[in-house]
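*Asks:* Dumping the structure here so I can ask a few things about it.
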Amino acid sequence: MKYIDEFRDGGLARSLGAAIAREARAERRYSFMEFCGGHTHAIARYGVTDLLPANVRMIHGPGCPVCVLPVGRVDMAIEIARRPGVILATYGDTMRVPASGRLSLLKAKAQGADVRMVYSTADAVRLAEENPGREVVMFAIGFETTTPPTALAIKMAEAKGLGNFLVFCNHVLTPSAISHILESPEVRELGTVPIDGFVGPAHVSTVIGSRPYEFFAEEYQKPVVIAGFEPLDVMQAILMLVRQVNDGRAEVENEFTRAVTREGNAKAQALVAEVFELRREFEWRGLGAVPYSALRLKEKYAAFDAERRYGLADRQVADHKACECGAILRGVKQPADCKLFGTACTPENPLGSCMVSSEGACAAHYTYGRFRDVSRKAAAAAT
Amino acid sequence: MCLALPVKIVELTDGDQAVVDLGGVRKEISLALVEGVALGDYVILHVGYALTRLDPAEAERTLATFAESGLAEPASA
Amino acid sequence: MKRGFTRALDFRHGQVEMTHGSGGRAMAQLIEELFVAAFDNEALRRMDDQAQVDVPPGRLVVATDSHVVSPLFFPGGDIGCLSVHGTVNDVAMAGARPLYLAASFILEEGLPLADLRRIVESMAQASRDAGVPVVTGDTKVVERGNGDGVFITTTGVGVVPAGVSFSGNRARPGDAVLVNGTMGDHGVAIMSLRENLSFGTTIESDTAALHGLVAAMLEAVPDIHCLRDPTRGGLATTLNELARQSGVGIVIGEEKVPVRGEVNSACEFLGLDPLYVANEGKLVAICAPGDAARLLEAMRSHPLGGDAAVIGEVIEDEHAFVQMDTAFGGRRVVDWLTGDQLPRIC
């Protein structure tokens, strides 16, 4: 596969790993946060950590829109799905997220709710066209990458005069989340979580461009390197971050130049601006309420808004008391530090946001990194 | 997040649609979010929509950077 | 002898109705004009409620499987031939020679008879090709809305000759791990048709009866340690099962596992891992290291083993992890599947 395979070359990986080891100064530690769940997945799946020197560590950020979706919002989706005559269209990622009362969309489907998995919002619009007597609600999740497709679907439905197409909007914003992390006491004041820089999201950036990150670099004096999705992209970005730290620079650099420009996709941005507006605040699972971090439909498009149509009220559902997701998402703790990890909380039975999707820090660690813990313990015990 | 792939446009159909190819697998997708893409171009595909055109020259440049980085000596010892 | 059916079954426009399952004339007609006609063997023609058959000496092996695949028809096969292959393979994985099949059908009211005939004829063809007759069966009909068109349960019996003993717990450190061909074909062929996820590809299901291949393998290497077919959950699940049963670890090489280019691409599209995608004409074999070359040769010489490969080895590991050396250069765990793999956007 062109533009994929070349960016997974093992030989180049080794030499990049050697370069990082050479340039990382032995006397200091480097901690970089990869914000994006896709990067977490790539790092875990390709074992990038194995190729990094010991003094360069990656902190897994909250860039997984499924992970940070609060239980209360999934409950609302299930409630919508159970309404008579409703077809709930959803991406596959949310089907198994456990909600209140041991339910999930998959379980609700088994109990008779009409939940249909779609690959694209266009499929949901088609469902509305083909089922004029039913209400089709698109369970819209995702960061800025996935928002333009939802905006487009609404415009399409409007153009076709579809009165039975609705959106349950849960789109969230990347820069707000990064701010929130940087503003957290551990990072800002206590300095207990030294985040030396960020690996910026790949595909979010194709839409929003590299410009929005300039604020962070400036305000918080942290370097940001936007990286493509393949493992070589991530390694190159880490090398660029090491160099910035060594040079005392705090700039926005773009490793993913083949798809990201400073301005981003103006057409997509305009479409989103036309259909959506900011919510004053929105709960992120594990992070609490984050100001100006999520979107809702503008008044002009109220007819397509499921929350307005059904008069749904937000509800707060607390996580397990011992769940450390909040700390893990902010980089303060590691999955293995959580008492519930691997015992009560597993991918089959996820208790918190970090385990819910395969991109969450805990799920990735469980699937790929767990054996390293085990073999490390065994090695330690043997000595 | 955001599983997205570089795919090649092999057919332009009407209404902003196109057929793309990834290693022999074809799919119909929407080009409504991009402008000025042509047959043979590569685009980044996410949930059935092209998000942007992939710049082949930049891709080559990035690959070359990987190779160079691997060989370069540190700027300041 | 002339039967008392006033009209032949209408295969063009007819549908399955509740009467077809009620035990009366309609059901008798369905059985006679469709099932018996298609499967056409002596035991079945006797129209008893059971079949009496001869069994050669050896240990009896029994296996049963229910088939609930949707869609019913897919590139490379359908639920009919799948139900034959699946159970024949389960019997064959014990090293047994499959002898007979029993087939029971649960039909949904409203299923077009044309579809049913197509399925039954496909089953009959698969049964003939495999040399394993369907000697007895059953039919029930459920009300519309209670089934995916048709569910088929097949039970198979076979005999395993003395001295052959495969078991999931016989893998030993140092053993070689082999597969007979490309992984993930069936699952991708199915997904290519599922609602909302369509794409044009040339991938066909690999559904096939493997007992001929197994016989050839046994001839070359009588002392194969383990044999299993990686169906639901894919290769990764089967390897994890074997590792756990035997109390050993397994390490495979990503570049050694044969996967078709298009299957890889389709999995990229959907965010799936081919290691976890279902197969219906593949097997995993574990044998002593000294036997690996001979076994591979025997597999490659058989039409169903042209792409056979040694993909890894068994190691000592009390945690029974399955690990993979990635093409990228690291090593990672290939864990058990968590529920069904669903396509993801994230």
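Naming works like this for the structure tokens: A, B, ... for the chains as they're shown, residue 1 at the start of each chain, ligands 1 onward in shown order.
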Residues of chain B no more than 12 Å from chain C, counting only C-alpha atoms: send them over as a count of residues only.
*Replies:* 24
*Asks:* Enumerate the residues of region 71-144 of chain A with a DSSP assignment of strand (DSSP E or B), computed from the backbone, and present them as a VMD selection string.
*Replies:* chain A and resid 86 to 90 114 to 117 135 to 142
*Asks:* Go ahead and dump the residues you just picked, N, CA and C atoms, as a compact mmCIF listing (two decimals), in the first residue's frame.
*Replies:*
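Written output follows (out.txt):
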# COMPACT_ATOMS: atom_id res chain seq x y z
N VAL A 86 -37.29 4.87 16.27
CA VAL A 86 -35.98 5.47 16.01
C VAL A 86 -35.00 4.42 15.50
N ILE A 87 -34.19 4.82 14.53
CA ILE A 87 -33.03 4.03 14.13
C ILE A 87 -31.82 4.82 14.59
N LEU A 88 -30.99 4.24 15.44
CA LEU A 88 -29.78 4.94 15.87
C LEU A 88 -28.62 4.46 15.01
N ALA A 89 -28.04 5.38 14.25
CA ALA A 89 -26.88 5.03 13.43
C ALA A 89 -25.62 5.39 14.20
N THR A 90 -24.67 4.48 14.25
CA THR A 90 -23.47 4.75 15.03
C THR A 90 -22.24 4.14 14.39
N ASP A 114 -33.30 -0.53 17.64
CA ASP A 114 -32.79 -0.59 16.28
C ASP A 114 -31.51 0.23 16.20
N VAL A 115 -30.40 -0.43 16.44
CA VAL A 115 -29.09 0.22 16.37
C VAL A 115 -28.38 -0.30 15.15
N ARG A 116 -27.93 0.58 14.27
CA ARG A 116 -27.25 0.15 13.05
C ARG A 116 -25.87 0.76 12.97
N MET A 117 -24.91 -0.12 12.68
CA MET A 117 -23.54 0.37 12.55
C MET A 117 -23.35 0.96 11.16
N GLU A 135 -37.42 7.84 12.45
CA GLU A 135 -36.45 8.92 12.70
C GLU A 135 -35.07 8.29 12.79
N VAL A 136 -34.14 8.79 11.99
CA VAL A 136 -32.78 8.25 11.99
C VAL A 136 -31.88 9.23 12.73
N VAL A 137 -31.26 8.77 13.80
CA VAL A 137 -30.41 9.64 14.61
C VAL A 137 -28.97 9.18 14.49
N MET A 138 -28.09 10.08 14.05
CA MET A 138 -26.67 9.76 13.92
C MET A 138 -25.98 10.08 15.24
N PHE A 139 -25.38 9.06 15.86
CA PHE A 139 -24.65 9.24 17.11
C PHE A 139 -23.27 9.76 16.71
N ALA A 140 -23.14 11.07 16.69
CA ALA A 140 -21.93 11.68 16.17
C ALA A 140 -20.89 11.88 17.26
N ILE A 141 -19.74 11.24 17.10
CA ILE A 141 -18.64 11.41 18.04
C ILE A 141 -17.39 11.79 17.25
N GLY A 142 -16.36 12.16 17.93
CA GLY A 142 -15.08 12.39 17.27
C GLY A 142 -14.55 13.79 17.44
*Asks:* Would you mind listing, as a PyMOL selection string, all residues of chain A that have at least one atom within 6 Å of chain B, where only C-alpha atoms are what counts?
*Replies:* chain A and resi 1+15-16+19+23+36-38+64+119-120+257-259+268
*Asks:* Write the residues of the preceding selection, restricted to N, CA and C atoms, as a compact mmCIF listing (two decimals), in the first residue's frame.
*Replies:*
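Contents of again18.txt, as written:
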# COMPACT_ATOMS: atom_id res chain seq x y z
N MET A 1 0.85 -1.19 0.00
CA MET A 1 0.00 0.00 0.00
C MET A 1 0.88 1.23 0.00
N SER A 15 17.39 2.93 12.45
CA SER A 15 18.32 4.07 12.37
C SER A 15 17.74 5.31 13.03
N LEU A 16 16.42 5.48 12.96
CA LEU A 16 15.81 6.61 13.67
C LEU A 16 15.94 6.42 15.18
N ALA A 19 19.31 7.37 16.12
CA ALA A 19 19.48 8.83 16.09
C ALA A 19 18.90 9.45 17.36
N GLU A 23 21.01 11.65 20.10
CA GLU A 23 20.77 13.07 20.34
C GLU A 23 20.13 13.38 21.68
N CYS A 36 -2.92 11.94 20.62
CA CYS A 36 -3.89 11.26 19.77
C CYS A 36 -3.93 9.76 20.01
N GLY A 37 -5.14 9.20 20.14
CA GLY A 37 -5.29 7.77 20.35
C GLY A 37 -4.67 6.94 19.25
N GLY A 38 -4.71 7.45 18.03
CA GLY A 38 -4.12 6.72 16.91
C GLY A 38 -2.62 6.59 17.07
N CYS A 64 -8.75 10.30 22.58
CA CYS A 64 -9.55 9.19 22.08
C CYS A 64 -10.99 9.58 22.36
N TYR A 119 -20.57 3.15 8.44
CA TYR A 119 -19.18 3.50 8.20
C TYR A 119 -19.05 5.02 8.01
N SER A 120 -20.12 5.65 7.60
CA SER A 120 -20.07 7.05 7.21
C SER A 120 -21.40 7.73 7.50
N THR A 257 3.97 16.81 6.63
CA THR A 257 3.78 17.81 5.58
C THR A 257 3.04 17.29 4.37
N ARG A 258 2.99 15.98 4.19
CA ARG A 258 2.30 15.47 3.01
C ARG A 258 0.79 15.63 3.10
N ALA A 259 0.30 15.94 4.32
CA ALA A 259 -1.16 16.09 4.46
C ALA A 259 -1.58 17.30 5.29
N ALA A 268 -13.63 22.66 4.80
CA ALA A 268 -14.20 21.87 5.91
C ALA A 268 -14.43 22.75 7.13
*Asks:* I'd like to know which residues of chain B are alpha helix (DSSP H) (by DSSP, run on the backbone); could you write them as a list in words?
*Replies:*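 Selecting the alpha helix (DSSP H) positions of chain B gives Pro56, Ala57, Glu58, Ala59, Glu60, Arg61, Thr62, Leu63, Ala64, Thr65, Phe66, Ala67, Glu68, Ser69, Gly70 and Leu71 of chain B.
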*Asks:* Tell me, as an mmCIF file with N, CA and C atoms, in the first residue's frame, which residues lie within 6 Å of Val135 (chain C), counting only C-alpha atoms; anything in the same chain fewer than 6 positions away does not count.
*Replies:*
data_model
loop_
_atom_site.group_PDB
_atom_site.id
_atom_site.type_symbol
_atom_site.label_atom_id
_atom_site.label_comp_id
_atom_site.auth_asym_id
_atom_site.auth_seq_id
_atom_site.Cartn_x
_atom_site.Cartn_y
_atom_site.Cartn_z
ATOM 1 N N ALA C 43 -29.326 -44.075 2.524
ATOM 2 C CA ALA C 43 -29.858 -43.932 3.888
ATOM 3 C C ALA C 43 -31.018 -42.945 3.907
ATOM 4 N N LEU C 44 -30.819 -41.861 3.229
ATOM 5 C CA LEU C 44 -31.828 -40.810 3.236
ATOM 6 C C LEU C 44 -33.090 -41.247 2.494
ATOM 7 N N ALA C 102 -25.250 -35.294 9.619
ATOM 8 C CA ALA C 102 -26.677 -35.094 9.852
ATOM 9 C C ALA C 102 -26.890 -33.593 9.745
#
*Asks:* Pick the closest to Gly15 (chain B) from A:Met156, A:Val317, A:Ala273, A:Ala110: which is it, counting only C-alpha atoms?
*Replies:*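 Checking each of A:Met156, A:Val317, A:Ala273, A:Ala110 against Gly15 (chain B), counting only C-alpha atoms, the winner is A:Met156.
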*Asks:* Can you work out the spacing between CA of Gly200 (chain A) and CA of Ala151 (chain A) in Å, to one decimal?
*Replies:* 23.8 Å
*Asks:* Any idea what's packed within 9 Å of Arg97 (chain C), counting only C-alpha atoms, ignoring anything in its chain fewer than 4 positions away? Could you give it as a ChimeraX atom specification?
*Replies:* /C:61,88,91-92,157-161,211-212,215
*Asks:* For chain A versus chain C, which residues have an atom no more than 8 Å away, and what is each residue's nearest atom pair and distance in Å rounded to one decimal, using only C-alpha atoms, chain-then-number order, as JSON lines?
*Replies:*
{"residue": "A:Met1", "atom": "CA", "partner": "C:Ser265", "partner_atom": "CA", "distance": 7.4}
{"residue": "A:Arg8", "atom": "CA", "partner": "C:Phe328", "partner_atom": "CA", "distance": 6.2}
{"residue": "A:Asp9", "atom": "CA", "partner": "C:Phe328", "partner_atom": "CA", "distance": 6.1}
{"residue": "A:Gly10", "atom": "CA", "partner": "C:Phe328", "partner_atom": "CA", "distance": 4.1}
{"residue": "A:Gly11", "atom": "CA", "partner": "C:Phe328", "partner_atom": "CA", "distance": 7.9}
{"residue": "A:Ala13", "atom": "CA", "partner": "C:Phe328", "partner_atom": "CA", "distance": 7.0}
{"residue": "A:Arg14", "atom": "CA", "partner": "C:Gly329", "partner_atom": "CA", "distance": 7.7}
{"residue": "A:Gly37", "atom": "CA", "partner": "C:Cys346", "partner_atom": "CA", "distance": 7.5}
{"residue": "A:Gly38", "atom": "CA", "partner": "C:Cys346", "partner_atom": "CA", "distance": 7.0}
{"residue": "A:Arg45", "atom": "CA", "partner": "C:Arg332", "partner_atom": "CA", "distance": 7.0}
{"residue": "A:Tyr46", "atom": "CA", "partner": "C:Phe328", "partner_atom": "CA", "distance": 6.2}
{"residue": "A:Gly47", "atom": "CA", "partner": "C:Gly330", "partner_atom": "CA", "distance": 5.0}
{"residue": "A:Val48", "atom": "CA", "partner": "C:Gly330", "partner_atom": "CA", "distance": 7.2}
{"residue": "A:Asp50", "atom": "CA", "partner": "C:Gly330", "partner_atom": "CA", "distance": 6.4}
{"residue": "A:Leu51", "atom": "CA", "partner": "C:Gly330", "partner_atom": "CA", "distance": 7.6}
{"residue": "A:Cys64", "atom": "CA", "partner": "C:Cys346", "partner_atom": "CA", "distance": 7.3}
{"residue": "A:Pro65", "atom": "CA", "partner": "C:Cys346", "partner_atom": "CA", "distance": 7.8}
{"residue": "A:Val66", "atom": "CA", "partner": "C:Cys346", "partner_atom": "CA", "distance": 7.9}
{"residue": "A:Tyr91", "atom": "CA", "partner": "C:Arg344", "partner_atom": "CA", "distance": 6.7}
{"residue": "A:Gly92", "atom": "CA", "partner": "C:Arg344", "partner_atom": "CA", "distance": 5.2}
{"residue": "A:Asp93", "atom": "CA", "partner": "C:Arg344", "partner_atom": "CA", "distance": 5.1}
{"residue": "A:Met117", "atom": "CA", "partner": "C:Asn196", "partner_atom": "CA", "distance": 7.5}
{"residue": "A:Val118", "atom": "CA", "partner": "C:Asn196", "partner_atom": "CA", "distance": 5.6}
{"residue": "A:Tyr119", "atom": "CA", "partner": "C:Asn196", "partner_atom": "CA", "distance": 6.3}
{"residue": "A:Asp123", "atom": "CA", "partner": "C:Asn196", "partner_atom": "CA", "distance": 6.5}
{"residue": "A:Gly142", "atom": "CA", "partner": "C:Cys346", "partner_atom": "CA", "distance": 7.8}
{"residue": "A:Pro347", "atom": "CA", "partner": "C:Thr338", "partner_atom": "CA", "distance": 6.4}
{"residue": "A:Glu348", "atom": "CA", "partner": "C:Thr338", "partner_atom": "CA", "distance": 5.6}
{"residue": "A:Glu359", "atom": "CA", "partner": "C:Cys346", "partner_atom": "CA", "distance": 7.9}
{"residue": "A:Thr367", "atom": "CA", "partner": "C:Asp335", "partner_atom": "CA", "distance": 6.0}
{"residue": "A:Tyr368", "atom": "CA", "partner": "C:Val333", "partner_atom": "CA", "distance": 5.1}
{"residue": "A:Gly369", "atom": "CA", "partner": "C:Arg332", "partner_atom": "CA", "distance": 7.4}
{"residue": "A:Phe371", "atom": "CA", "partner": "C:Val333", "partner_atom": "CA", "distance": 6.9}
*Asks:* Atoms to include: C-alpha atoms. Write the selected residues as a PDB file, in the first residue's frame.
*Replies:*
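Okay, this is what ended up in out-v5.pdb:
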ATOM      1  CA  MET A   1       0.000   0.000   0.000  1.00  0.00           C
ATOM      2  CA  ARG A   8       6.603   1.302   8.341  1.00  0.00           C
ATOM      3  CA  ASP A   9      10.063   0.276   7.228  1.00  0.00           C
ATOM      4  CA  GLY A  10      11.953  -1.580   9.948  1.00  0.00           C
ATOM      5  CA  GLY A  11      15.398  -0.592   8.744  1.00  0.00           C
ATOM      6  CA  ALA A  13      13.037   2.515  12.306  1.00  0.00           C
ATOM      7  CA  ARG A  14      16.275   1.178  13.703  1.00  0.00           C
ATOM      8  CA  GLY A  37      -5.291   7.768  20.350  1.00  0.00           C
ATOM      9  CA  GLY A  38      -4.118   6.722  16.914  1.00  0.00           C
ATOM     10  CA  ARG A  45       1.226  -1.964  17.926  1.00  0.00           C
ATOM     11  CA  TYR A  46       4.667  -1.427  16.438  1.00  0.00           C
ATOM     12  CA  GLY A  47       6.536  -1.512  19.705  1.00  0.00           C
ATOM     13  CA  VAL A  48       8.016   1.944  19.208  1.00  0.00           C
ATOM     14  CA  ASP A  50      11.252  -0.748  22.423  1.00  0.00           C
ATOM     15  CA  LEU A  51      13.190   1.418  19.992  1.00  0.00           C
ATOM     16  CA  CYS A  64      -9.546   9.194  22.083  1.00  0.00           C
ATOM     17  CA  PRO A  65     -13.068  10.562  21.595  1.00  0.00           C
ATOM     18  CA  VAL A  66     -14.644   7.269  22.576  1.00  0.00           C
ATOM     19  CA  TYR A  91     -19.825   4.121  14.264  1.00  0.00           C
ATOM     20  CA  GLY A  92     -18.568   0.714  15.424  1.00  0.00           C
ATOM     21  CA  ASP A  93     -16.396   2.174  18.181  1.00  0.00           C
ATOM     22  CA  MET A 117     -23.544   0.368  12.552  1.00  0.00           C
ATOM     23  CA  VAL A 118     -22.504   2.753   9.784  1.00  0.00           C
ATOM     24  CA  TYR A 119     -19.175   3.499   8.197  1.00  0.00           C
ATOM     25  CA  ASP A 123     -24.975   6.005   5.209  1.00  0.00           C
ATOM     26  CA  GLY A 142     -15.077  12.385  17.269  1.00  0.00           C
ATOM     27  CA  PRO A 347     -10.859  -4.822  27.886  1.00  0.00           C
ATOM     28  CA  GLU A 348     -13.706  -7.330  28.341  1.00  0.00           C
ATOM     29  CA  GLU A 359      -6.671   3.263  21.808  1.00  0.00           C
ATOM     30  CA  THR A 367      -3.023  -5.648  24.839  1.00  0.00           C
ATOM     31  CA  TYR A 368       0.560  -4.919  23.991  1.00  0.00           C
ATOM     32  CA  GLY A 369       2.579  -3.897  26.985  1.00  0.00           C
ATOM     33  CA  PHE A 371       3.768  -8.929  29.002  1.00  0.00           C
TER      34      PHE A 371
END
*Asks:* For the interface of region 128-154 of chain C with region 70-77 of chain C (cut-off 12 Å, counting only C-alpha atoms), please tabulate each contacting residue of region 128-154 of chain C alongside its nearest pair of atoms and their separation in Å to one decimal, rows sorted by chain and increasing number, as a Markdown table.
*Replies:*
| residue | atom | partner | partner_atom | distance |
| --- | --- | --- | --- | --- |
| C:Gly147 | CA | C:Ser70 | CA | 10.5 |
| C:Asp148 | CA | C:Ser70 | CA | 7.0 |
| C:Gly149 | CA | C:Leu72 | CA | 7.9 |
| C:Val150 | CA | C:Leu72 | CA | 8.0 |
| C:Phe151 | CA | C:Leu72 | CA | 9.5 |
| C:Ile152 | CA | C:Leu72 | CA | 10.9 |
*Asks:* Just to confirm, what's the straight-line distance from CA of Asp307 (chain C) to CA of Arg260 (chain C) in Å (one decimal)?
*Replies:*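 Result for CA of Asp307 (chain C) versus CA of Arg260 (chain C): 10.4 Å, one decimal.
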*Asks:* What's around Pro291 (chain A) at 10 Å? Count only C-alpha atoms, leave out sequence neighbours fewer than 2 positions away in its own chain, and write the answer as a list in words.
*Replies:*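 Selected residues are Ser176, Ala177, Ser179, His180, Leu278, Arg279, Arg280, Glu281, Phe282, Glu283, Gly288, Ala289, Ser293 and Ala294 of chain A.
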*Asks:* I want to know what sits within 7 Å of region 226-230 of chain A, based on only C-alpha atoms, with residues of the same chain fewer than 5 positions away left out; could you give that as a PyMOL selection string?
*Replies:* chain A and resi 7-8+38-39+42+199-202+237+253-256
*Asks:* With C-alpha atoms retained, could you export that selection as a PDB file, in the first residue's frame?
*Replies:*
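In the end it all went to result-v8.pdb:
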ATOM      1  CA  PHE A   7       6.379   4.598   6.453  1.00  0.00           C
ATOM      2  CA  ARG A   8       6.603   1.302   8.341  1.00  0.00           C
ATOM      3  CA  GLY A  38      -4.118   6.722  16.914  1.00  0.00           C
ATOM      4  CA  HIS A  39      -0.558   7.542  17.909  1.00  0.00           C
ATOM      5  CA  ALA A  42       0.754   2.951  16.591  1.00  0.00           C
ATOM      6  CA  VAL A 199       3.252  14.931  19.413  1.00  0.00           C
ATOM      7  CA  GLY A 200       0.366  16.635  17.690  1.00  0.00           C
ATOM      8  CA  PRO A 201      -2.570  14.810  16.111  1.00  0.00           C
ATOM      9  CA  ALA A 202      -2.235  13.765  12.501  1.00  0.00           C
ATOM     10  CA  ALA A 237       8.491  13.554  15.431  1.00  0.00           C
ATOM     11  CA  GLU A 253       6.842  21.917  13.601  1.00  0.00           C
ATOM     12  CA  ASN A 254       5.094  19.801  11.034  1.00  0.00           C
ATOM     13  CA  GLU A 255       6.353  16.290  10.287  1.00  0.00           C
ATOM     14  CA  PHE A 256       3.179  15.369   8.422  1.00  0.00           C
TER      15      PHE A 256
END
*Asks:* To one decimal place in Å, what is the distance between CA of Leu271 (chain A) and CA of Met76 (chain A)?
*Replies:*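 For CA of Leu271 (chain A) relative to CA of Met76 (chain A), the distance reads 26.4 Å.
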*Asks:* Find the spatial neighbours of Gly80 (chain C), counting only C-alpha atoms, within a cut-off of 9 Å - ignore same-chain residues fewer than 6 positions away - and output them as a list in words.
*Replies:*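 Counting only the stated atoms, we get His67, Leu72, Phe73, Arg118, Ile119, Val120, Glu121, Ser122, Met123, Ala124, Ala126 and Ile152 of chain C.
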*Asks:* With C-alpha atoms retained, export the selected residues as a PDB file, in the first residue's frame.
*Replies:*
ATOM      1  CA  HIS C  67     -24.213 -22.037  11.174  1.00  0.00           C
ATOM      2  CA  LEU C  72     -26.523 -16.326   3.375  1.00  0.00           C
ATOM      3  CA  PHE C  73     -24.661 -16.002   0.087  1.00  0.00           C
ATOM      4  CA  ARG C 118     -29.768 -22.879  -3.860  1.00  0.00           C
ATOM      5  CA  ILE C 119     -28.466 -23.483  -0.340  1.00  0.00           C
ATOM      6  CA  VAL C 120     -29.443 -27.148  -0.260  1.00  0.00           C
ATOM      7  CA  GLU C 121     -27.950 -27.821  -3.667  1.00  0.00           C
ATOM      8  CA  SER C 122     -24.735 -26.145  -2.620  1.00  0.00           C
ATOM      9  CA  MET C 123     -24.673 -28.348   0.472  1.00  0.00           C
ATOM     10  CA  ALA C 124     -25.279 -31.400  -1.633  1.00  0.00           C
ATOM     11  CA  ALA C 126     -20.083 -29.866  -1.057  1.00  0.00           C
ATOM     12  CA  ILE C 152     -28.247 -24.922   9.794  1.00  0.00           C
TER      13      ILE C 152
END
